[in-house]
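What follows is the content of query-v4.tsv (TSV, C-alpha atoms and all ligand atoms).
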chain	number	residue	atom	x	y	z
A	296	MET	CA	-14.63	-44.79	53.97
A	297	CYS	CA	-18.20	-46.05	53.92
A	298	ASP	CA	-20.55	-47.61	51.42
A	299	TYR	CA	-24.24	-48.43	51.20
A	300	SER	CA	-26.91	-50.11	49.17
A	301	LEU	CA	-30.64	-49.38	49.28
A	302	ASN	CA	-32.56	-52.64	49.27
A	303	ARG	CA	-34.93	-53.14	46.33
A	304	HIS	CA	-36.25	-56.43	47.69
A	305	VAL	CA	-37.83	-54.98	50.81
A	306	THR	CA	-41.54	-55.56	51.24
A	307	ASP	CA	-44.11	-54.31	53.77
A	308	ASN	CA	-45.87	-57.65	54.19
A	309	PRO	CA	-43.29	-60.41	53.98
A	310	VAL	CA	-44.34	-64.05	54.10
A	311	TRP	CA	-41.86	-66.18	56.01
A	312	SER	CA	-43.30	-69.66	56.03
A	313	ASP	CA	-40.20	-71.88	56.27
A	314	PRO	CA	-40.62	-74.34	59.17
A	315	GLU	CA	-37.53	-72.94	60.95
A	316	TYR	CA	-39.34	-69.68	61.58
A	317	THR	CA	-41.92	-71.35	63.82
A	318	ALA	CA	-39.16	-71.05	66.46
A	319	PHE	CA	-40.15	-67.37	66.72
A	320	LEU	CA	-43.60	-68.44	67.93
A	321	SER	CA	-42.22	-70.39	70.91
A	322	GLU	CA	-43.92	-69.29	74.09
A	323	ASP	CA	-41.15	-70.22	76.51
A	324	ILE	CA	-38.46	-67.76	75.39
A	325	GLU	CA	-38.94	-65.02	77.97
A	326	GLU	CA	-39.78	-67.52	80.70
A	327	PHE	CA	-36.52	-69.30	79.92
A	328	HIS	CA	-34.45	-66.10	80.10
A	329	ARG	CA	-36.05	-65.16	83.41
A	330	SER	CA	-34.92	-68.54	84.76
A	331	VAL	CA	-31.23	-67.86	84.07
A	332	PRO	CA	-29.46	-66.72	87.26
A	333	GLY	CA	-28.41	-63.07	86.91
A	334	TYR	CA	-31.00	-62.19	84.27
A	335	SER	CA	-32.20	-58.59	84.22
A	336	PHE	CA	-33.15	-56.03	81.57
A	337	THR	CA	-30.14	-54.28	80.10
A	338	PRO	CA	-30.33	-50.46	80.07
A	339	LEU	CA	-31.91	-48.38	77.31
A	340	VAL	CA	-30.02	-45.09	77.43
A	341	ARG	CA	-30.53	-41.80	75.60
A	342	LEU	CA	-27.79	-39.81	73.90
A	343	SER	CA	-29.84	-36.62	73.56
A	344	CYS	CA	-26.91	-34.21	73.29
A	345	LEU	CA	-25.28	-36.26	70.55
A	346	ALA	CA	-28.67	-36.45	68.80
A	347	ARG	CA	-28.89	-32.65	68.75
A	348	LYS	CA	-25.32	-32.40	67.51
A	349	ILE	CA	-25.89	-34.69	64.52
A	350	GLY	CA	-29.39	-33.40	63.73
A	351	VAL	CA	-31.78	-36.16	64.83
A	352	ARG	CA	-34.52	-36.02	67.49
A	353	GLU	CA	-33.22	-38.75	69.81
A	354	ILE	CA	-30.73	-41.61	69.97
A	355	LEU	CA	-31.69	-44.64	72.05
A	356	VAL	CA	-28.96	-47.14	72.89
A	357	LYS	CA	-29.78	-50.66	74.06
A	358	ASP	CA	-26.66	-51.35	76.08
A	359	GLU	CA	-25.82	-55.04	75.96
A	360	SER	CA	-22.41	-54.54	77.57
A	361	HIS	CA	-24.23	-55.34	80.84
A	362	ARG	CA	-25.64	-58.73	79.78
A	363	PHE	CA	-24.92	-61.51	82.31
A	364	GLY	CA	-21.46	-60.13	83.05
A	365	LEU	CA	-20.32	-61.44	79.65
A	366	LYS	CA	-20.31	-57.99	78.04
A	367	ALA	CA	-22.28	-59.06	74.94
A	368	PHE	CA	-25.79	-60.05	73.87
A	369	LYS	CA	-24.84	-63.46	72.49
A	370	SER	CA	-25.64	-65.25	75.77
A	371	MET	CA	-29.36	-64.74	75.06
A	372	GLY	CA	-29.25	-67.05	72.04
A	373	ALA	CA	-26.66	-69.61	73.18
A	374	SER	CA	-28.40	-70.32	76.48
A	375	TYR	CA	-31.86	-70.73	74.96
A	376	ALA	CA	-30.56	-73.01	72.18
A	377	ILE	CA	-28.80	-75.28	74.69
A	378	TYR	CA	-32.02	-75.46	76.70
A	379	ARG	CA	-34.09	-76.30	73.61
A	380	PHE	CA	-31.57	-78.93	72.55
A	381	ILE	CA	-31.66	-80.64	75.94
A	382	LYS	CA	-35.44	-80.34	76.14
A	383	ARG	CA	-35.77	-82.19	72.85
A	384	VAL	CA	-33.33	-84.96	73.79
A	385	TRP	CA	-35.17	-85.42	77.11
A	386	GLU	CA	-38.64	-85.47	75.60
A	387	ASN	CA	-37.59	-87.89	72.84
A	388	ARG	CA	-36.03	-90.19	75.42
A	389	PHE	CA	-38.68	-90.15	78.16
A	390	GLY	CA	-41.80	-88.91	76.39
A	391	VAL	CA	-42.59	-86.43	79.17
A	392	LYS	CA	-42.32	-82.65	79.26
A	393	PHE	CA	-38.95	-81.19	80.19
A	394	GLU	CA	-39.42	-78.33	82.66
A	395	ILE	CA	-37.07	-75.34	82.49
A	396	ALA	CA	-36.08	-75.83	86.15
A	397	ASN	CA	-34.72	-79.32	85.30
A	398	LEU	CA	-31.93	-77.65	83.38
A	399	TYR	CA	-30.27	-76.57	86.60
A	400	ASP	CA	-30.26	-80.07	88.10
A	401	PRO	CA	-27.06	-81.86	86.97
A	402	ALA	CA	-28.21	-85.18	88.47
A	403	LEU	CA	-31.28	-85.12	86.24
A	404	LEU	CA	-29.26	-84.15	83.16
A	405	ALA	CA	-26.90	-87.06	83.85
A	406	GLN	CA	-29.77	-89.36	82.91
A	407	ILE	CA	-29.47	-88.34	79.25
A	408	ASP	CA	-25.69	-88.68	78.92
A	409	LEU	CA	-24.95	-85.50	76.97
A	410	ARG	CA	-21.83	-85.07	74.83
A	411	PRO	CA	-19.94	-81.74	74.72
A	412	PHE	CA	-21.63	-78.73	73.14
A	413	CYS	CA	-19.55	-77.10	70.45
A	414	THR	CA	-19.51	-74.11	68.12
A	415	ALA	CA	-17.33	-71.94	65.94
A	416	THR	CA	-17.01	-68.35	67.05
A	417	ASP	CA	-15.14	-65.12	66.65
A	418	GLY	CA	-15.46	-64.61	70.39
A	419	ASN	CA	-18.77	-63.72	71.94
A	420	HIS	CA	-20.99	-66.59	70.86
A	421	GLY	CA	-18.35	-69.16	71.83
A	422	ARG	CA	-17.91	-67.55	75.21
A	423	ALA	CA	-21.68	-67.65	75.67
A	424	VAL	CA	-21.93	-71.36	74.77
A	425	ALA	CA	-19.03	-72.14	77.14
A	426	TRP	CA	-20.61	-70.04	79.90
A	427	PHE	CA	-24.03	-71.65	79.74
A	428	ALA	CA	-22.70	-75.20	79.31
A	429	ASN	CA	-20.56	-74.60	82.40
A	430	LYS	CA	-23.51	-73.16	84.33
A	431	ILE	CA	-25.47	-76.37	83.87
A	432	GLY	CA	-22.52	-78.70	84.44
A	433	GLN	CA	-21.87	-79.62	80.79
A	434	ARG	CA	-18.72	-79.61	78.66
A	435	ALA	CA	-17.99	-77.32	75.67
A	436	VAL	CA	-15.47	-77.33	72.83
A	437	ILE	CA	-15.11	-73.96	71.10
A	438	TYR	CA	-13.41	-73.37	67.73
A	439	ILE	CA	-11.95	-69.94	67.08
A	440	PRO	CA	-9.83	-68.49	64.23
A	441	SER	CA	-6.18	-67.85	65.05
A	442	CYS	CA	-6.61	-64.11	64.37
A	443	ALA	CA	-8.78	-63.85	67.53
A	444	VAL	CA	-7.19	-61.74	70.26
A	445	LYS	CA	-5.85	-63.51	73.34
A	446	ALA	CA	-8.30	-61.83	75.73
A	447	ARG	CA	-11.24	-63.36	73.89
A	448	ILE	CA	-9.66	-66.84	73.83
A	449	ASP	CA	-8.79	-66.57	77.54
A	450	ASN	CA	-12.36	-65.57	78.39
A	451	ILE	CA	-13.66	-68.74	76.73
A	452	ARG	CA	-11.13	-70.90	78.61
A	453	LYS	CA	-12.16	-69.20	81.87
A	454	GLU	CA	-15.61	-70.69	81.34
A	455	GLY	CA	-14.00	-74.13	81.48
A	456	ALA	CA	-14.26	-74.89	77.76
A	457	GLU	CA	-11.69	-76.62	75.58
A	458	VAL	CA	-10.60	-74.14	72.89
A	459	VAL	CA	-9.47	-75.24	69.42
A	460	VAL	CA	-7.61	-72.49	67.56
A	461	VAL	CA	-7.95	-72.87	63.78
A	462	ASP	CA	-5.47	-71.39	61.36
A	463	GLY	CA	-7.98	-69.78	58.98
A	464	SER	CA	-10.97	-67.47	58.64
A	465	TYR	CA	-14.26	-67.72	60.54
A	466	ASP	CA	-15.82	-69.63	57.62
A	467	GLN	CA	-12.93	-72.15	57.63
A	468	THR	CA	-13.21	-72.46	61.41
A	469	LEU	CA	-16.92	-73.23	61.05
A	470	LYS	CA	-16.19	-75.95	58.50
A	471	ARG	CA	-13.57	-77.59	60.71
A	472	MET	CA	-15.88	-77.47	63.74
A	473	ALA	CA	-18.76	-79.05	61.77
A	474	GLN	CA	-16.47	-81.89	60.57
A	475	ASP	CA	-15.04	-82.61	64.03
A	476	ALA	CA	-18.50	-82.48	65.63
A	477	GLU	CA	-19.81	-84.97	63.10
A	478	GLU	CA	-16.93	-87.36	63.78
A	479	GLN	CA	-17.14	-87.05	67.56
A	480	GLY	CA	-20.93	-86.91	67.89
A	481	TRP	CA	-20.79	-83.52	69.67
A	482	HIS	CA	-23.83	-81.24	69.89
A	483	VAL	CA	-23.42	-78.22	67.60
A	484	ILE	CA	-24.85	-74.95	68.94
A	485	SER	CA	-24.05	-72.67	66.02
A	486	ASP	CA	-25.42	-69.15	65.61
A	487	THR	CA	-25.15	-69.48	61.86
A	488	SER	CA	-27.01	-71.93	59.65
A	489	TYR	CA	-25.75	-73.77	56.59
A	490	PRO	CA	-27.09	-76.53	54.35
A	491	GLY	CA	-28.31	-79.34	56.60
A	492	TYR	CA	-28.06	-77.26	59.78
A	493	THR	CA	-30.85	-74.75	60.35
A	494	GLU	CA	-32.88	-75.66	63.41
A	495	VAL	CA	-30.58	-74.64	66.26
A	496	SER	CA	-29.66	-71.30	64.73
A	497	ALA	CA	-33.39	-70.55	64.39
A	498	TRP	CA	-33.76	-71.08	68.15
A	499	ILE	CA	-30.89	-68.64	68.64
A	500	MET	CA	-32.53	-66.00	66.45
A	501	ALA	CA	-35.84	-66.49	68.23
A	502	ALA	CA	-34.12	-65.98	71.59
A	503	TYR	CA	-32.80	-62.56	70.56
A	504	THR	CA	-36.40	-61.28	70.50
A	505	THR	CA	-36.31	-61.04	74.31
A	506	MET	CA	-34.05	-58.01	73.85
A	507	PHE	CA	-36.56	-56.33	71.58
A	508	ARG	CA	-39.38	-57.05	74.05
A	509	GLU	CA	-37.28	-55.50	76.81
A	510	ILE	CA	-36.95	-52.36	74.67
A	511	ASP	CA	-40.70	-52.19	74.07
A	512	ARG	CA	-41.36	-52.42	77.80
A	513	ALA	CA	-38.80	-49.72	78.59
A	514	LEU	CA	-40.36	-47.45	75.93
A	515	ASP	CA	-43.86	-48.05	77.32
A	516	ASP	CA	-42.67	-47.30	80.87
A	517	SER	CA	-41.00	-44.05	79.86
A	518	ALA	CA	-43.65	-42.96	77.32
A	519	GLU	CA	-40.78	-42.44	74.86
A	520	THR	CA	-41.63	-42.18	71.16
A	521	PRO	CA	-41.01	-45.53	69.43
A	522	PRO	CA	-37.99	-45.47	67.14
A	523	SER	CA	-38.48	-44.40	63.54
A	524	HIS	CA	-35.24	-46.15	62.51
A	525	ALA	CA	-33.20	-48.98	64.01
A	526	ILE	CA	-29.66	-50.05	63.15
A	527	PHE	CA	-28.39	-53.61	63.60
A	528	GLN	CA	-24.87	-54.98	63.37
A	529	VAL	CA	-24.52	-57.87	60.94
A	530	GLY	CA	-22.04	-60.70	61.32
A	531	VAL	CA	-23.76	-63.82	59.99
A	532	GLY	CA	-27.07	-61.92	60.22
A	533	SER	CA	-28.88	-63.87	62.96
A	534	PHE	CA	-29.30	-60.77	65.14
A	535	ALA	CA	-30.55	-58.66	62.23
A	536	GLY	CA	-32.77	-61.48	60.96
A	537	ALA	CA	-34.41	-61.76	64.38
A	538	ALA	CA	-35.00	-58.00	64.33
A	539	ALA	CA	-36.68	-58.21	60.93
A	540	TRP	CA	-38.99	-60.94	62.12
A	541	TYR	CA	-39.86	-59.12	65.35
A	542	TYR	CA	-40.31	-55.59	64.05
A	543	LEU	CA	-42.13	-56.42	60.84
A	544	GLN	CA	-44.93	-58.05	62.85
A	545	LYS	CA	-45.60	-54.67	64.50
A	546	ARG	CA	-47.68	-51.75	63.34
A	547	ASN	CA	-45.50	-48.80	62.26
A	548	PRO	CA	-42.19	-50.64	62.59
A	549	PRO	CA	-38.93	-48.70	62.52
A	550	LEU	CA	-37.06	-48.66	59.21
A	551	LEU	CA	-34.36	-51.29	59.56
A	552	ILE	CA	-30.74	-50.65	58.64
A	553	GLY	CA	-27.88	-53.17	58.69
A	554	VAL	CA	-24.25	-52.30	59.34
A	555	GLU	CA	-21.14	-54.33	58.50
A	556	PRO	CA	-17.40	-53.73	58.16
A	557	THR	CA	-16.41	-52.78	54.59
A	558	GLU	CA	-14.02	-55.77	54.62
A	559	ALA	CA	-16.77	-58.28	55.57
A	560	ASP	CA	-19.84	-56.89	53.83
A	561	CYS	CA	-21.76	-60.03	52.87
A	562	ILE	CA	-25.22	-58.49	53.34
A	563	LEU	CA	-24.36	-55.36	51.38
A	564	GLU	CA	-22.97	-57.57	48.63
A	565	SER	CA	-26.12	-59.75	48.65
A	566	ILE	CA	-28.45	-56.73	48.63
A	567	ARG	CA	-26.53	-55.03	45.88
A	568	HIS	CA	-27.02	-57.97	43.51
A	569	GLY	CA	-30.42	-57.85	41.95
A	570	ASP	CA	-31.35	-61.54	42.14
A	571	GLY	CA	-32.13	-61.80	45.88
A	572	GLU	CA	-29.63	-64.66	46.36
A	573	LEU	CA	-27.09	-64.50	49.16
A	574	ARG	CA	-23.49	-63.68	48.34
A	575	SER	CA	-20.19	-63.84	50.19
A	576	SER	CA	-18.18	-60.72	50.89
A	577	ARG	CA	-15.35	-59.92	48.51
A	578	GLY	CA	-13.56	-58.01	51.27
A	579	SER	CA	-10.26	-58.98	52.87
A	580	LEU	CA	-11.95	-60.23	56.09
A	581	ARG	CA	-9.51	-58.06	58.00
A	582	THR	CA	-11.25	-55.80	60.47
A	583	ILE	CA	-11.14	-54.84	64.14
A	584	MET	CA	-14.89	-55.66	64.33
A	585	ALA	CA	-14.26	-59.33	65.12
A	586	GLY	CA	-17.91	-60.15	65.85
A	587	LEU	CA	-18.92	-58.88	62.42
A	588	ASN	CA	-16.08	-60.52	60.53
A	589	CYS	CA	-18.11	-63.16	58.71
A	590	GLY	CA	-17.84	-63.78	54.99
A	591	THR	CA	-21.20	-65.45	54.36
A	592	PRO	CA	-24.69	-64.78	55.74
A	593	SER	CA	-26.63	-67.41	57.63
A	594	LEU	CA	-29.15	-69.28	55.46
A	595	ASN	CA	-31.96	-68.65	57.96
A	596	ALA	CA	-31.20	-64.98	58.36
A	597	TRP	CA	-30.86	-63.93	54.75
A	598	PRO	CA	-34.54	-64.11	53.65
A	599	LEU	CA	-35.56	-62.08	56.73
A	600	ILE	CA	-32.96	-59.41	56.06
A	601	ARG	CA	-33.64	-59.38	52.30
A	602	ASP	CA	-37.37	-58.79	52.83
A	603	GLY	CA	-37.21	-56.59	55.92
A	604	PHE	CA	-34.17	-54.29	55.77
A	605	ARG	CA	-34.26	-50.98	53.89
A	606	LEU	CA	-30.57	-50.30	53.77
A	607	ALA	CA	-27.16	-51.93	54.20
A	608	VAL	CA	-24.27	-49.72	55.28
A	609	ALA	CA	-20.61	-50.73	55.42
A	610	ILE	CA	-18.21	-48.80	57.63
A	611	SER	CA	-14.44	-48.62	58.03
A	612	ASP	CA	-12.45	-49.58	61.10
A	613	GLU	CA	-11.58	-45.93	61.56
A	614	SER	CA	-15.22	-44.84	61.82
A	615	CYS	CA	-15.76	-47.67	64.29
A	616	ARG	CA	-12.87	-46.41	66.46
A	617	LYS	CA	-14.40	-42.91	66.37
A	618	ALA	CA	-17.73	-44.31	67.55
A	619	MET	CA	-16.02	-46.17	70.43
A	620	ARG	CA	-14.47	-42.85	71.46
A	621	GLN	CA	-17.79	-41.04	71.03
A	622	PHE	CA	-19.47	-43.52	73.38
A	623	TYR	CA	-16.64	-43.22	75.91
A	624	HIS	CA	-16.31	-39.41	75.77
A	625	PRO	CA	-19.98	-38.39	75.48
A	626	VAL	CA	-21.31	-34.98	74.45
A	627	GLY	CA	-22.68	-32.74	77.25
A	628	ASP	CA	-24.76	-34.65	79.82
A	629	ASP	CA	-25.04	-37.85	77.82
A	630	PRO	CA	-24.08	-40.97	79.79
A	631	ARG	CA	-20.83	-42.80	79.08
A	632	VAL	CA	-21.24	-46.16	77.31
A	633	ILE	CA	-18.48	-48.77	77.27
A	634	SER	CA	-18.52	-50.07	73.74
A	635	GLY	CA	-16.18	-52.50	72.02
A	636	GLU	CA	-15.42	-52.77	68.32
A	637	SER	CA	-18.50	-54.60	67.07
A	638	GLY	CA	-20.60	-52.86	69.70
A	639	ALA	CA	-19.83	-49.40	68.36
A	640	ALA	CA	-20.61	-50.22	64.73
A	641	GLY	CA	-24.28	-49.20	65.01
A	642	LEU	CA	-23.39	-45.74	66.28
A	643	ALA	CA	-20.68	-45.46	63.62
A	644	ALA	CA	-23.31	-46.14	60.94
A	645	LEU	CA	-25.66	-43.57	62.44
A	646	ILE	CA	-22.97	-40.89	62.55
A	647	ALA	CA	-22.04	-41.70	58.94
A	648	LEU	CA	-25.67	-41.55	57.83
A	649	ALA	CA	-26.27	-38.27	59.59
A	650	THR	CA	-23.10	-36.53	58.52
A	651	ALA	CA	-21.24	-38.19	55.62
A	652	GLU	CA	-21.65	-36.74	52.13
A	653	LYS	CA	-21.28	-40.23	50.67
A	654	LEU	CA	-24.46	-41.39	52.46
A	655	ALA	CA	-26.55	-38.28	51.68
A	656	GLU	CA	-28.81	-40.16	49.26
A	657	ALA	CA	-29.47	-42.94	51.80
A	658	LYS	CA	-30.17	-40.34	54.49
A	659	GLU	CA	-32.67	-38.60	52.27
A	660	ARG	CA	-34.39	-41.77	51.05
A	661	LEU	CA	-34.84	-43.04	54.61
A	662	GLU	CA	-35.91	-39.57	55.79
A	663	ILE	CA	-33.38	-39.39	58.59
A	664	GLY	CA	-33.65	-35.93	60.13
A	665	SER	CA	-34.80	-33.82	63.03
A	666	ASP	CA	-37.96	-35.92	63.58
A	667	SER	CA	-36.10	-39.22	63.73
A	668	THR	CA	-35.68	-41.32	66.86
A	669	ILE	CA	-32.94	-43.80	66.14
A	670	LEU	CA	-32.40	-47.04	68.01
A	671	VAL	CA	-28.87	-48.45	68.04
A	672	PHE	CA	-27.45	-51.42	69.90
A	673	ASN	CA	-24.24	-51.50	71.84
A	674	THR	CA	-23.88	-55.22	71.27
A	675	GLU	CA	-20.62	-55.57	73.22
A	676	GLY	CA	-18.55	-53.84	75.85
A	677	ASP	CA	-14.78	-53.92	76.15
A	678	THR	CA	-14.31	-57.60	75.29
A	679	ASP	CA	-10.74	-56.76	74.22
A	680	PRO	CA	-9.80	-54.43	77.12
A	681	GLU	CA	-6.30	-53.63	75.88
A	682	HIS	CA	-7.51	-52.49	72.45
A	683	PHE	CA	-10.39	-50.64	74.10
A	684	ARG	CA	-7.95	-48.64	76.24
A	685	GLU	CA	-5.74	-47.96	73.24
A	686	VAL	CA	-8.65	-46.62	71.19
A	687	THR	CA	-10.53	-44.64	73.83
A	688	GLY	CA	-7.68	-43.53	76.08
A	689	ALA	CA	-9.47	-45.10	79.06
A	690	THR	CA	-7.17	-45.51	82.03
A	691	ASP	CA	-9.36	-47.48	84.46
B	1	LIG	C1	-20.70	-57.99	69.55
B	1	LIG	C2	-21.40	-58.54	68.38
B	1	LIG	N1	-22.27	-57.75	67.71
B	1	LIG	C3	-22.95	-58.19	66.65
B	1	LIG	C4	-22.76	-59.48	66.18
B	1	LIG	C5	-23.48	-59.91	64.94
B	1	LIG	O1	-24.43	-60.90	65.18
B	1	LIG	P1	-24.76	-61.95	64.02
B	1	LIG	O2	-23.55	-62.78	63.81
B	1	LIG	O3	-25.93	-62.70	64.56
B	1	LIG	O4	-25.09	-61.16	62.81
B	1	LIG	C6	-21.86	-60.34	66.84
B	1	LIG	C7	-21.64	-61.71	66.38
B	1	LIG	O5	-20.88	-62.47	66.94
B	1	LIG	C8	-21.17	-59.86	67.97
B	1	LIG	O6	-20.30	-60.62	68.64
Would it be possible to restate this file's structure as C-alpha cells?
Amino acid sequence: MCDYSLNRHVTDNPVWSDPEYTAFLSEDIEEFHRSVPGYSFTPLVRLSCLARKIGVREILVKDESHRFGLKAFKSMGASYAIYRFIKRVWENRFGVKFEIANLYDPALLAQIDLRPFCTATDGNHGRAVAWFANKIGQRAVIYIPSCAVKARIDNIRKEGAEVVVVDGSYDQTLKRMAQDAEEQGWHVISDTSYPGYTEVSAWIMAAYTTMFREIDRALDDSAETPPSHAIFQVGVGSFAGAAAWYYLQKRNPPLLIGVEPTEADCILESIRHGDGELRSSRGSLRTIMAGLNCGTPSLNAWPLIRDGFRLAVAISDESCRKAMRQFYHPVGDDPRVISGESGAAGLAALIALATAEKLAEAKERLEIGSDSTILVFNTEGDTDPEHFREVTGATD
C-alpha cells in the first residue's frame, strides 16, 4: 500500500530568511568534516540494470552505509553540532577563536568544564552523538523509545554512552529528554527542533550539505548527467530540509520527493492540508523504518520542505522490505548495496513511483520516465543485522 500528495505550496524561488538558516552559510562545514578521523566520501553507485528494468534512464545511489563505520549518515550532523556547540562555549568564555583542531585536545576542552551531551533518538542520531562525544573525550546520555531493537541500543552503549530507555513513542522520548536535560543542565544535541530549541538542529541540517557537495563532486568527476529527480527519506525532516535548501540554490535543481512510512507520514499529512501549517501523523507509529518513525516534523525543516518539495510519498513496510531485497540481490551487473529499513525507503518510493498504478498520476506530473536520472540515498546499512538477514536472506 502506498499513498502520495502533490505539493501545492512549492515555489521556484523560496525566501528562507529565518535567522536559523544562516547556519547553511557557515564556511567551516566541509573543513570540519575533513578534520574528523576516518572521513572520506561515501560511494555514489549506479543501478543501471534496475533503471532499465523499471523504465528510467539511471539510478544513482549515495551509499551512506559506509559513513564512519557507523552505517548511517547521521554522524555528519551530530559531530558538526557538537563542534559548533563547543566552539560557542569556548568563544563566549575566552573571547578568542576556537580552532577545529582544539576539539581533539581533551586537556584544552577540560578548561570549559562541559556537561554530558544528550539527545532523543530512534537509533542512528543517538549513536552518532555518543560516538562523537566519545571521540573527543566527552560524556553522552541518549534517550531511546522502548520499541527500539536491542542491536541499536547496544551500539549506543558500545560508544560509552548512558542509555535511558523510555516507555513511549519517539515524541514522548524527546519530551522526557528535554525535561531531564533542563533539570540537569545537560547540552542537548537534537536533530529535531521544537519551540524554544532551533539553533542546534539548524547546525545539524547545515552539516548534511557536505553529503550533497560530495555528490556534486562525484558527478563532475564522472561527467554523469545531474539528477532530474531526488528522493529523500523523512523522519523529522532535517535531512530533507537540508536538501531543499541546498538544491534550490542551484540552477536546474532536481525535483525533490519525500518518502515516509504510511504509519508515520507527518510530511504527507502536512502537505495534504491546504493551509501550509505542519501537522502530526495520524498513523499508528508502528513501522520497521525506525529512523523515519517520527510523528511530528521539525520546526526548522518544515518551511524548507513545504516550499521546496514537489511530492510526498508514503510507503508500506512490505515495499520497504522488497527494496532491501532489491538492493541485496541486484539486477544483472548492478552492485550489491547493504541497506537497512530506513535506508531502503528511497528505493522503495522510486520503485512504487515507476511501477505502481496508485502513483501513476504522480509519475506523470513529475515526468518520471526514460529520460530521468534519479538520485536516491541509502541512508543506513544493516543497523539491525538480525532483521536484515531475515528480510534479505543474507547469510554472512
Ligand atoms: C537511516 C535514516 N534515514 C533517514 C532518517 C531521516 O532523517 P530526518 O529525521 O532528518 O528526517 C533517519 C533519521 O534518524 C535515519 O536514521
Distance in Å - CA of Glu652 in chain A versus CA of Val529 in chain A: 23.1 Å
Of the listed residues A:Tyr375, A:Phe622, A:Trp311, A:Tyr299, that which approaches Trp540 in chain A most closely, counting all atoms listed in the file: A:Trp311
Which residue of A:Ala415, A:Val531, A:Met296, A:Val459 approaches ligand LIG 1 (chain B) most closely, using all atoms listed in the file: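 Under the stated criterion, the closest residue is A:Val531.
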Residues near range 301-306 of chain A, anyone? I mean within 10 Å using all atoms listed in the file, not counting same-chain ones fewer than 3 positions away, as a list of chain:residue names.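 Here the answer would be A:Pro309, A:Val310, A:Leu543, A:Ile552, A:Leu563, A:Ser565, A:Ile566, A:Arg567, A:His568, A:Gly569, A:Asp570, A:Gly571, A:Pro598, A:Leu599, A:Ile600, A:Arg601, A:Asp602, A:Gly603, A:Phe604, A:Arg605, A:Leu606, A:Ala607, A:Val608, A:Glu656, A:Ala657, A:Arg660, A:Leu661.
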I need the chosen residues saved as a CSV table (one decimal), in the frame of the given file, with C-alpha atoms.
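File written: again_38.csv
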chain,number,residue,atom,x,y,z
A,309,PRO,CA,-43.3,-60.4,54.0
A,310,VAL,CA,-44.3,-64.0,54.1
A,543,LEU,CA,-42.1,-56.4,60.8
A,552,ILE,CA,-30.7,-50.6,58.6
A,563,LEU,CA,-24.4,-55.4,51.4
A,565,SER,CA,-26.1,-59.8,48.6
A,566,ILE,CA,-28.4,-56.7,48.6
A,567,ARG,CA,-26.5,-55.0,45.9
A,568,HIS,CA,-27.0,-58.0,43.5
A,569,GLY,CA,-30.4,-57.8,42.0
A,570,ASP,CA,-31.4,-61.5,42.1
A,571,GLY,CA,-32.1,-61.8,45.9
A,598,PRO,CA,-34.5,-64.1,53.6
A,599,LEU,CA,-35.6,-62.1,56.7
A,600,ILE,CA,-33.0,-59.4,56.1
A,601,ARG,CA,-33.6,-59.4,52.3
A,602,ASP,CA,-37.4,-58.8,52.8
A,603,GLY,CA,-37.2,-56.6,55.9
A,604,PHE,CA,-34.2,-54.3,55.8
A,605,ARG,CA,-34.3,-51.0,53.9
A,606,LEU,CA,-30.6,-50.3,53.8
A,607,ALA,CA,-27.2,-51.9,54.2
A,608,VAL,CA,-24.3,-49.7,55.3
A,656,GLU,CA,-28.8,-40.2,49.3
A,657,ALA,CA,-29.5,-42.9,51.8
A,660,ARG,CA,-34.4,-41.8,51.0
A,661,LEU,CA,-34.8,-43.0,54.6
Taking into account all atoms listed in the file, which residue in the set A:Lys430, A:Arg329, A:Arg684, A:His624 is nearest to Thr505 in chain A?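 Checking each candidate against Thr505 in chain A, we get A:Arg329 as the closest.
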With only C-alpha atoms counted, which protein, DNA or RNA residues have an atom no more than 12 Å from (-10.7, -65.2, 54.6) in the file frame? Please answer as a list of chain:residue names.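 I get A:Pro440, A:Ser441, A:Cys442, A:Asp462, A:Gly463, A:Ser464, A:Tyr465, A:Asp466, A:Gln467, A:Thr468, A:Glu558, A:Ala559, A:Ser575, A:Ser576, A:Arg577, A:Gly578, A:Ser579, A:Leu580, A:Arg581, A:Thr582, A:Asn588, A:Cys589, A:Gly590, A:Thr591 for the residues within 12 Å of that point.
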Nearby residues, ligand LIG 1 (chain B), 9 Å, only C-alpha atoms and all ligand atoms, as a ChimeraX atom specification: /A:359-360,366-369,416-421,486-487,499-500,527-537,555,584-589,592-593,596,635-640,672-676,678
Coordinates-based distance that separates CA of Pro401 in chain A from CA of Arg388 in chain A (Å, one decimal):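 If I compute the distance from CA of Arg388 in chain A to CA of Pro401 in chain A, I get 16.8 Å.
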Of the candidates A:Leu645, A:Ala538, A:Ile431, A:Leu355, which shows the shortest atom-to-atom distance to Val554 in chain A, using all atoms listed in the file?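 Looking at the shortest contact to Val554 in chain A, the residue is A:Leu645.
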What are the centre and edge lengths in Å, to one decimal, of the axis-aligned box around all listed atoms of range 605-621 of chain A with 5 Å added on each side, as JSON?
{"center_x": -22.9, "center_y": -46.5, "center_z": 62.6, "size_x": 32.7, "size_y": 20.9, "size_z": 27.7}
Have a look at A:Asp408, A:Asp449, A:Asp515, A:Asp323 and name the one nearest to Asp679 in chain A; count only C-alpha atoms.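 Closest to Asp679 in chain A, using only C-alpha atoms: A:Asp449.
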Between CA of Leu550 in chain A and CA of His524 in chain A, what distance in Å does the model show, to one decimal?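 Computing the Euclidean distance for CA of Leu550 in chain A and CA of His524 in chain A yields 4.5 Å.
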Name all residues at most 10 Å from Phe683 in chain A (count only C-alpha atoms; drop same-chain ones fewer than 5 positions away) and give them as a PyMOL selection string. chain A and resi 616+619-620+623+633-636+676-678+688-690
Which one is closest to Lys653 in chain A: A:Ala423, A:Ala609, A:Arg352, A:Cys615? Count only C-alpha atoms. A:Ala609
Give me, as a list in words, all polymer residues having an atom no more than 6 Å from range 662-667 of chain A, counting only C-alpha atoms and skipping those fewer than 4 positions away in the same chain.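 My reading of the contact set: Gly350, Val351, Arg352, Ser523 and Lys658 of chain A.
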Close residues, Thr520 in chain A itself excluded, 12 Å, only C-alpha atoms, min 5 positions apart in chain, as number ranges by chain: A: 341, 352-355, 510-511, 513-515, 547, 549, 666-670
Considering only C-alpha atoms, tabulate each residue of range 350-408 of chain A that lies at most 12 Å from range 469-485 of chain A along with its nearest interatomic pair and the corresponding distance in Å to one decimal; arrange the rows by chain and ascending residue number and present them as CSV.
residue,atom,partner,partner_atom,distance
A:Lys369,CA,A:Ser485,CA,11.3
A:Ser370,CA,A:Ile484,CA,11.9
A:Gly372,CA,A:Ile484,CA,9.6
A:Ala373,CA,A:Ile484,CA,7.1
A:Ser374,CA,A:Ile484,CA,9.5
A:Tyr375,CA,A:Ile484,CA,10.2
A:Ala376,CA,A:Ile484,CA,6.8
A:Ile377,CA,A:Ile484,CA,7.0
A:Tyr378,CA,A:Ile484,CA,10.6
A:Arg379,CA,A:Ile484,CA,10.4
A:Phe380,CA,A:His482,CA,8.5
A:Ile381,CA,A:His482,CA,9.9
A:Val384,CA,A:His482,CA,10.9
A:Asp408,CA,A:Trp481,CA,11.7
